[in-house]
$ cat my_file.txt   # compact mmCIF, C-alpha atoms
# COMPACT_ATOMS: atom_id res chain seq x y z
CA MET J 23 -32.51 70.62 2.33
CA ASN J 24 -30.72 70.93 -0.98
CA PRO J 25 -32.97 70.94 -4.04
CA ALA J 26 -29.99 71.23 -6.38
CA ASP J 27 -29.03 67.70 -5.43
CA ASP J 28 -32.43 66.04 -5.73
CA GLY J 29 -31.80 64.35 -9.07
CA LYS J 30 -34.69 66.16 -10.77
CA GLY J 31 -33.49 68.73 -13.27
CA SER J 32 -30.14 69.06 -11.48
CA PRO J 33 -27.30 70.73 -13.37
CA PRO J 34 -24.58 68.53 -14.88
CA GLU J 35 -21.88 67.50 -12.46
CA PRO J 36 -18.80 69.70 -12.79
CA PRO J 37 -15.51 67.86 -13.40
CA ARG J 38 -13.54 67.07 -10.27
CA ALA J 39 -9.82 66.68 -9.84
CA PRO J 40 -8.71 63.46 -8.14
CA ALA J 41 -8.90 63.78 -4.37
CA THR J 42 -5.48 63.98 -2.71
CA GLY J 43 -4.21 64.84 0.72
CA TRP J 44 -7.25 63.64 2.69
CA ASN J 45 -6.39 61.79 5.89
CA TRP J 46 -9.58 60.46 7.43
CA PRO J 47 -9.68 58.95 10.92
CA ALA J 48 -11.16 55.48 11.24
CA GLY J 49 -13.11 56.09 14.43
CA PRO J 50 -16.13 58.37 13.80
CA ARG J 51 -19.34 56.77 12.53
CA ILE J 52 -20.66 58.99 9.73
CA VAL J 53 -24.16 58.47 8.29
CA VAL J 54 -25.31 60.34 5.19
CA LEU J 55 -28.99 61.03 4.43
CA VAL J 56 -30.01 61.56 0.79
CA SER J 57 -33.08 61.87 -1.38
CA GLY J 58 -31.96 62.23 -4.98
CA GLY J 59 -29.00 62.24 -7.32
CA GLY J 60 -26.33 62.18 -4.66
CA THR J 61 -23.65 64.44 -6.14
CA ASN J 62 -22.72 65.77 -2.70
CA LEU J 63 -22.57 62.19 -1.47
CA GLN J 64 -20.24 61.44 -4.36
CA ALA J 65 -18.05 64.39 -3.39
CA LEU J 66 -17.65 62.82 0.05
CA ILE J 67 -16.97 59.38 -1.43
CA ASP J 68 -14.32 60.85 -3.74
CA THR J 69 -12.32 62.13 -0.76
CA GLY J 70 -12.32 58.71 0.88
CA CYS J 71 -14.71 59.74 3.65
CA PRO J 72 -15.38 56.64 5.80
CA ILE J 73 -19.17 56.65 5.50
CA ALA J 74 -20.76 53.93 7.64
CA GLU J 75 -24.17 53.98 5.94
CA VAL J 76 -26.31 55.93 3.48
CA VAL J 77 -30.06 56.19 4.10
CA SER J 78 -32.64 57.61 1.69
CA ASN J 79 -36.32 58.41 2.09
CA VAL J 80 -36.72 57.68 -1.65
CA PRO J 81 -36.37 53.96 -2.48
CA ARG J 82 -35.09 54.50 -6.04
CA ALA J 83 -32.85 57.47 -5.36
CA PRO J 84 -29.74 57.31 -7.60
CA ALA J 85 -27.68 58.26 -4.55
CA LEU J 86 -28.25 54.75 -3.18
CA ASP J 87 -26.63 53.30 -6.30
CA ARG J 88 -23.65 55.60 -5.82
CA ALA J 89 -23.23 54.30 -2.28
CA ARG J 90 -23.52 50.65 -3.29
CA THR J 91 -21.05 51.12 -6.13
CA ALA J 92 -18.59 52.46 -3.56
CA GLY J 93 -19.23 49.48 -1.28
CA ILE J 94 -21.12 51.53 1.32
CA PRO J 95 -24.19 49.98 3.01
CA ALA J 96 -27.28 51.74 1.66
CA ARG J 97 -30.87 51.49 2.76
CA ALA J 98 -34.19 53.10 1.84
CA LEU J 99 -36.70 54.15 4.47
CA ASP J 100 -39.71 55.33 2.47
CA HIS J 101 -41.41 58.24 4.24
CA ARG J 102 -44.64 57.39 2.41
CA SER J 103 -44.89 54.19 4.45
CA PHE J 104 -45.49 56.16 7.63
CA ARG J 105 -48.74 57.73 8.79
CA SER J 106 -47.06 60.79 10.24
CA ARG J 107 -43.90 62.86 9.99
CA ALA J 108 -43.15 62.06 13.61
CA GLY J 109 -43.40 58.34 12.89
CA PHE J 110 -40.93 58.59 10.04
CA ASP J 111 -38.55 60.75 12.08
CA ASP J 112 -38.60 58.25 14.92
CA ALA J 113 -37.88 55.32 12.61
CA LEU J 114 -35.12 57.27 10.88
CA ALA J 115 -33.51 58.18 14.20
CA THR J 116 -33.62 54.55 15.28
CA ARG J 117 -32.04 53.50 12.00
CA VAL J 118 -29.29 56.12 12.16
CA ASP J 119 -28.34 55.37 15.77
CA GLY J 120 -29.43 51.74 15.91
CA PRO J 121 -26.40 49.89 14.54
CA GLY J 122 -24.15 52.07 16.73
CA ARG J 123 -24.43 55.71 17.72
CA ALA J 124 -23.75 58.06 14.81
CA ASP J 125 -21.03 60.59 15.58
CA LEU J 126 -22.13 62.73 12.64
CA VAL J 127 -25.22 62.78 10.41
CA VAL J 128 -24.81 64.61 7.09
CA LEU J 129 -27.82 65.85 5.10
CA ALA J 130 -26.52 65.71 1.53
CA GLY J 131 -29.53 66.54 -0.60
CA PHE J 132 -32.04 65.20 1.92
CA MET J 133 -35.41 66.63 0.96
CA ARG J 134 -37.42 66.12 4.13
CA ILE J 135 -37.99 68.61 6.91
CA LEU J 136 -36.99 66.94 10.16
CA GLY J 137 -39.01 67.61 13.29
CA PRO J 138 -37.73 68.96 16.63
CA ALA J 139 -37.53 65.52 18.23
CA PHE J 140 -35.06 64.39 15.56
CA THR J 141 -33.03 67.60 15.42
CA GLY J 142 -32.91 67.73 19.21
CA ARG J 143 -31.68 64.17 19.48
CA PHE J 144 -28.88 64.82 17.00
CA ALA J 145 -28.03 68.36 18.07
CA GLY J 146 -24.36 69.10 17.53
CA ARG J 147 -23.89 66.11 15.26
CA LEU J 148 -26.25 66.99 12.38
CA ILE J 149 -25.09 69.17 9.47
CA ASN J 150 -26.61 70.25 6.17
CA ILE J 151 -25.47 71.80 2.89
CA HIS J 152 -27.84 74.47 1.56
CA PRO J 153 -27.64 76.21 -1.86
CA SER J 154 -27.73 79.83 -0.74
CA LEU J 155 -25.78 82.25 1.41
CA LEU J 156 -27.82 81.72 4.55
CA PRO J 157 -29.67 83.41 6.14
CA ALA J 158 -30.68 84.57 2.63
CA PHE J 159 -33.10 82.33 0.71
CA PRO J 160 -33.87 79.45 3.06
CA GLY J 161 -36.08 76.68 1.70
CA LEU J 162 -36.61 75.88 -1.97
CA ARG J 163 -36.05 77.60 -5.35
CA THR J 164 -32.95 79.35 -4.06
CA HIS J 165 -31.36 80.08 -7.43
CA GLU J 166 -34.55 81.41 -8.98
CA ARG J 167 -35.19 83.60 -5.96
CA ALA J 168 -31.64 84.94 -6.00
CA LEU J 169 -32.02 85.98 -9.63
CA GLU J 170 -35.46 87.49 -8.99
CA ALA J 171 -33.99 89.50 -6.11
CA GLY J 172 -31.22 90.87 -8.32
CA VAL J 173 -28.40 89.96 -5.93
CA CYS J 174 -24.83 90.33 -7.16
CA GLU J 175 -23.58 87.21 -5.38
CA HIS J 176 -24.98 83.86 -4.40
CA GLY J 177 -23.52 80.66 -3.01
CA CYS J 178 -23.93 77.85 -0.53
CA THR J 179 -23.70 77.24 3.20
CA VAL J 180 -22.81 74.36 5.49
CA HIS J 181 -24.55 74.66 8.84
CA PHE J 182 -25.49 72.73 11.93
CA VAL J 183 -29.17 71.80 11.87
CA ASN J 184 -31.60 72.89 14.55
CA GLU J 185 -35.42 72.91 14.77
CA ALA J 186 -35.80 75.97 12.51
CA LEU J 187 -35.63 75.48 8.73
CA ASP J 188 -32.16 76.34 7.39
CA ALA J 189 -31.50 78.54 10.42
CA GLY J 190 -28.88 76.59 12.39
CA PRO J 191 -25.42 77.94 13.28
CA LEU J 192 -23.32 78.59 10.19
CA ILE J 193 -20.13 76.59 9.63
CA GLU J 194 -18.92 77.88 6.27
CA ARG J 195 -20.17 79.72 3.19
CA ALA J 196 -18.83 79.84 -0.36
CA ARG J 197 -19.68 82.72 -2.68
CA VAL J 198 -20.11 82.91 -6.44
CA ALA J 199 -20.69 86.03 -8.51
CA VAL J 200 -24.03 86.31 -10.26
CA ARG J 201 -23.55 87.03 -13.97
CA PRO J 202 -25.85 89.21 -16.06
CA ASP J 203 -26.72 86.28 -18.34
CA ASP J 204 -27.24 83.72 -15.58
CA THR J 205 -30.16 81.35 -15.60
CA PRO J 206 -31.19 79.30 -12.57
CA GLU J 207 -29.45 76.33 -14.17
CA SER J 208 -26.15 78.06 -14.88
CA LEU J 209 -26.07 79.61 -11.43
CA ALA J 210 -26.93 76.26 -9.83
CA ALA J 211 -24.04 74.56 -11.62
CA ARG J 212 -21.46 76.99 -10.21
CA VAL J 213 -22.96 76.81 -6.73
CA LEU J 214 -22.98 73.01 -6.86
CA ALA J 215 -19.25 72.98 -7.59
CA GLU J 216 -18.72 74.97 -4.40
CA GLU J 217 -20.96 72.59 -2.45
CA HIS J 218 -18.74 69.72 -3.54
CA ARG J 219 -15.75 71.63 -2.19
CA ILE J 220 -16.94 72.86 1.21
CA LEU J 221 -19.11 69.96 2.40
CA PRO J 222 -16.28 67.39 2.50
CA ARG J 223 -14.05 69.94 4.21
CA ALA J 224 -16.62 70.54 6.97
CA VAL J 225 -17.19 66.81 7.44
CA HIS J 226 -13.45 66.18 7.59
CA ARG J 227 -12.97 68.91 10.19
CA PHE J 228 -15.71 67.40 12.33
CA ALA J 229 -14.33 63.87 11.94
CA THR J 230 -10.87 64.98 13.02
CA GLY J 231 -12.20 66.80 16.08
CA ARG J 232 -11.45 70.30 14.81
CA LEU J 233 -15.08 71.40 14.36
CA ARG J 234 -17.68 71.38 17.11
CA LEU J 235 -20.88 73.09 18.23
CA ARG J 236 -20.55 74.47 21.78
CA GLY J 237 -23.17 76.52 23.53
CA GLY J 238 -24.91 77.25 20.25
CA GLU J 239 -21.69 78.54 18.65
CA VAL J 240 -19.53 76.92 15.98
CA TRP J 241 -15.90 76.38 17.05
CA LEU J 242 -12.98 75.48 14.78
CA ASP J 243 -9.54 74.73 16.18
CA GLY J 244 -10.53 76.17 19.54
CA HIS J 245 -11.87 79.48 18.20
CA PRO J 246 -15.42 80.69 17.38
CA VAL J 247 -16.24 80.64 13.67
CA ARG J 248 -17.49 83.78 11.95
CA PRO J 249 -18.39 82.68 8.37
CA GLY J 250 -17.64 85.30 5.72

$ encode --input "my_file.txt" --output "structure tokens"
Amino acid sequence: MNPADDGKGSPPEPPRAPATGWNWPAGPRIVVLVSGGGTNLQALIDTGCPIAEVVSNVPRAPALDRARTAGIPARALDHRSFRSRAGFDDALATRVDGPGRADLVVLAGFMRILGPAFTGRFAGRLINIHPSLLPAFPGLRTHERALEAGVCEHGCTVHFVNEALDAGPLIERARVAVRPDDTPESLAARVLAEEHRILPRAVHRFATGRLRLRGGEVWLDGHPVRPG
């Protein structure tokens, strides 16, 4: 889950340089799940990521408009229409894999906790961007909690998703220094800029076959990953 990307009180989007040097393969089917503003989705779009479909649990999520503007099929699957979490998860899994098996599912500001049946089905092909240096500050209010804890650095993490909340194997982390005058909003803005940088890189590495989950460990270019 990524509350910084939910479209509700999110920090302004930092300016981005034009994407260059990205060479995406045409083969992998990549599906992105969103709930809010969609700035991490936009970061993927800006690199030319070949997204097959965007799905949101919020029918009016601005992220859906971003996808449609980019010519990407976008669909809402309202979780409130289901009587149980398991029912929603099952319908979502069917949607994600239904048109053709998804090679990778990216949670880019998706604000629903997915149950073990879903995470088990997509194990090894489900990644998330989280606004903290995991394992520190899983869940919500990460920036506020970091400031309350008095940490000197904060950041974001890309990780494979498993059945435990924000506890899957770590792919990459990006660090930012915490300033004495930081507010949750100012800290969130700097962290969000790093999210926009490392999420597309992780997705690209997976799409090109460089990044994989094997035996519960993250491997990059044939070597185990030890995020800094």

$ residues_around --input "my_file.txt" --residues "Arg236 (chain J)" --least-positions-apart "2" --cutoff "12 Å" --atoms "all atoms listed in the file" --output "PyMOL selection string"
chain J and resi 145-147+182+191+233-234+238-242+244-247

$ write_last_selection --input "my_file.txt" --atoms "C-alpha atoms" --output "mmCIF file, keeping the file's coordinate frame"
data_model
loop_
_atom_site.group_PDB
_atom_site.id
_atom_site.type_symbol
_atom_site.label_atom_id
_atom_site.label_comp_id
_atom_site.auth_asym_id
_atom_site.auth_seq_id
_atom_site.Cartn_x
_atom_site.Cartn_y
_atom_site.Cartn_z
ATOM 1 C CA ALA J 145 -28.030 68.360 18.070
ATOM 2 C CA GLY J 146 -24.360 69.100 17.530
ATOM 3 C CA ARG J 147 -23.890 66.110 15.260
ATOM 4 C CA PHE J 182 -25.490 72.730 11.930
ATOM 5 C CA PRO J 191 -25.420 77.940 13.280
ATOM 6 C CA LEU J 233 -15.080 71.400 14.360
ATOM 7 C CA ARG J 234 -17.680 71.380 17.110
ATOM 8 C CA GLY J 238 -24.910 77.250 20.250
ATOM 9 C CA GLU J 239 -21.690 78.540 18.650
ATOM 10 C CA VAL J 240 -19.530 76.920 15.980
ATOM 11 C CA TRP J 241 -15.900 76.380 17.050
ATOM 12 C CA LEU J 242 -12.980 75.480 14.780
ATOM 13 C CA GLY J 244 -10.530 76.170 19.540
ATOM 14 C CA HIS J 245 -11.870 79.480 18.200
ATOM 15 C CA PRO J 246 -15.420 80.690 17.380
ATOM 16 C CA VAL J 247 -16.240 80.640 13.670
#

$ atom_distance --input "my_file.txt" --atom1 "CA of Gly131 (chain J)" --atom2 "CA of Glu170 (chain J)"
23.3 Å

$ closest_residue --input "my_file.txt" --among "J:Pro206, J:Gly172, J:Gly49, J:Gly161" --to "Met133 (chain J)" --atoms "all atoms listed in the file"
J:Gly161

$ atom_distance --input "my_file.txt" --atom1 "CA of Thr179 (chain J)" --atom2 "CA of Leu155 (chain J)"
5.7 Å

$ residues_around --input "my_file.txt" --residues "Ala108 (chain J)" --least-positions-apart "6" --cutoff "9 Å" --atoms "all atoms listed in the file" --output "PyMOL selection string"
chain J and resi 136-137+139-140

$ closest_residue --input "my_file.txt" --among "J:Asp87, J:Glu194, J:Asp112, J:Asp68" --to "Gly142 (chain J)" --atoms "all atoms listed in the file"
J:Asp112

$ closest_residue --input "my_file.txt" --among "J:Pro81, J:Pro138, J:Gly122, J:Pro249" --to "Ile193 (chain J)" --atoms "all atoms listed in the file"
J:Pro249

$ atom_distance --input "my_file.txt" --atom1 "CA of Gln64 (chain J)" --atom2 "CA of Ala186 (chain J)"
27.2 Å

$ residues_around --input "my_file.txt" --residues "Asp100 (chain J)" --least-positions-apart "5" --cutoff "9 Å" --atoms "all atoms listed in the file" --output "list in words"
Ser78, Asn79, Val80, Pro81 and Phe110 of chain J

$ closest_residue --input "my_file.txt" --among "J:Arg143, J:His101, J:His152, J:His226" --to "Ile52 (chain J)" --atoms "only C-alpha atoms"
J:His226

$ closest_residue --input "my_file.txt" --among "J:Val127, J:Leu86, J:Cys178, J:Gly43" --to "Gly58 (chain J)" --atoms "only C-alpha atoms"
J:Leu86

$ build_atoms --input "my_file.txt" --residues "region 83-99 of chain J" --atoms "N, CA and C atoms" --output "short mmCIF file (atom, residue, chain, number, x, y, z; two decimals), keeping the file's coordinate frame"
data_model
loop_
_atom_site.label_atom_id
_atom_site.label_comp_id
_atom_site.auth_asym_id
_atom_site.auth_seq_id
_atom_site.Cartn_x
_atom_site.Cartn_y
_atom_site.Cartn_z
N ALA J 83 -33.75 56.33 -5.22
CA ALA J 83 -32.85 57.47 -5.36
C ALA J 83 -31.52 57.01 -5.96
N PRO J 84 -31.04 57.68 -7.02
CA PRO J 84 -29.74 57.31 -7.60
C PRO J 84 -28.60 57.37 -6.60
N ALA J 85 -28.74 58.18 -5.56
CA ALA J 85 -27.68 58.26 -4.55
C ALA J 85 -27.42 56.90 -3.91
N LEU J 86 -28.45 56.08 -3.76
CA LEU J 86 -28.25 54.75 -3.18
C LEU J 86 -27.35 53.91 -4.06
N ASP J 87 -27.49 54.03 -5.38
CA ASP J 87 -26.63 53.30 -6.30
C ASP J 87 -25.18 53.77 -6.19
N ARG J 88 -25.00 55.08 -6.00
CA ARG J 88 -23.65 55.60 -5.82
C ARG J 88 -22.99 54.96 -4.59
N ALA J 89 -23.76 54.89 -3.51
CA ALA J 89 -23.23 54.30 -2.28
C ALA J 89 -22.87 52.83 -2.50
N ARG J 90 -23.77 52.08 -3.10
CA ARG J 90 -23.52 50.65 -3.29
C ARG J 90 -22.33 50.42 -4.21
N THR J 91 -22.20 51.23 -5.23
CA THR J 91 -21.05 51.12 -6.13
C THR J 91 -19.75 51.32 -5.37
N ALA J 92 -19.78 52.19 -4.37
CA ALA J 92 -18.59 52.46 -3.56
C ALA J 92 -18.43 51.46 -2.41
N GLY J 93 -19.33 50.48 -2.33
CA GLY J 93 -19.23 49.48 -1.28
C GLY J 93 -19.73 49.95 0.08
N ILE J 94 -20.58 50.98 0.08
CA ILE J 94 -21.12 51.53 1.32
C ILE J 94 -22.52 50.96 1.55
N PRO J 95 -22.83 50.46 2.73
CA PRO J 95 -24.19 49.98 3.01
C PRO J 95 -25.21 51.09 2.75
N ALA J 96 -26.27 50.75 2.03
CA ALA J 96 -27.28 51.74 1.66
C ALA J 96 -28.66 51.15 1.87
N ARG J 97 -29.53 51.98 2.43
CA ARG J 97 -30.87 51.49 2.76
C ARG J 97 -31.90 52.58 2.49
N ALA J 98 -33.07 52.18 2.02
CA ALA J 98 -34.19 53.10 1.84
C ALA J 98 -35.17 52.96 3.00
N LEU J 99 -35.65 54.11 3.44
CA LEU J 99 -36.70 54.15 4.47
C LEU J 99 -37.76 55.10 3.92
#
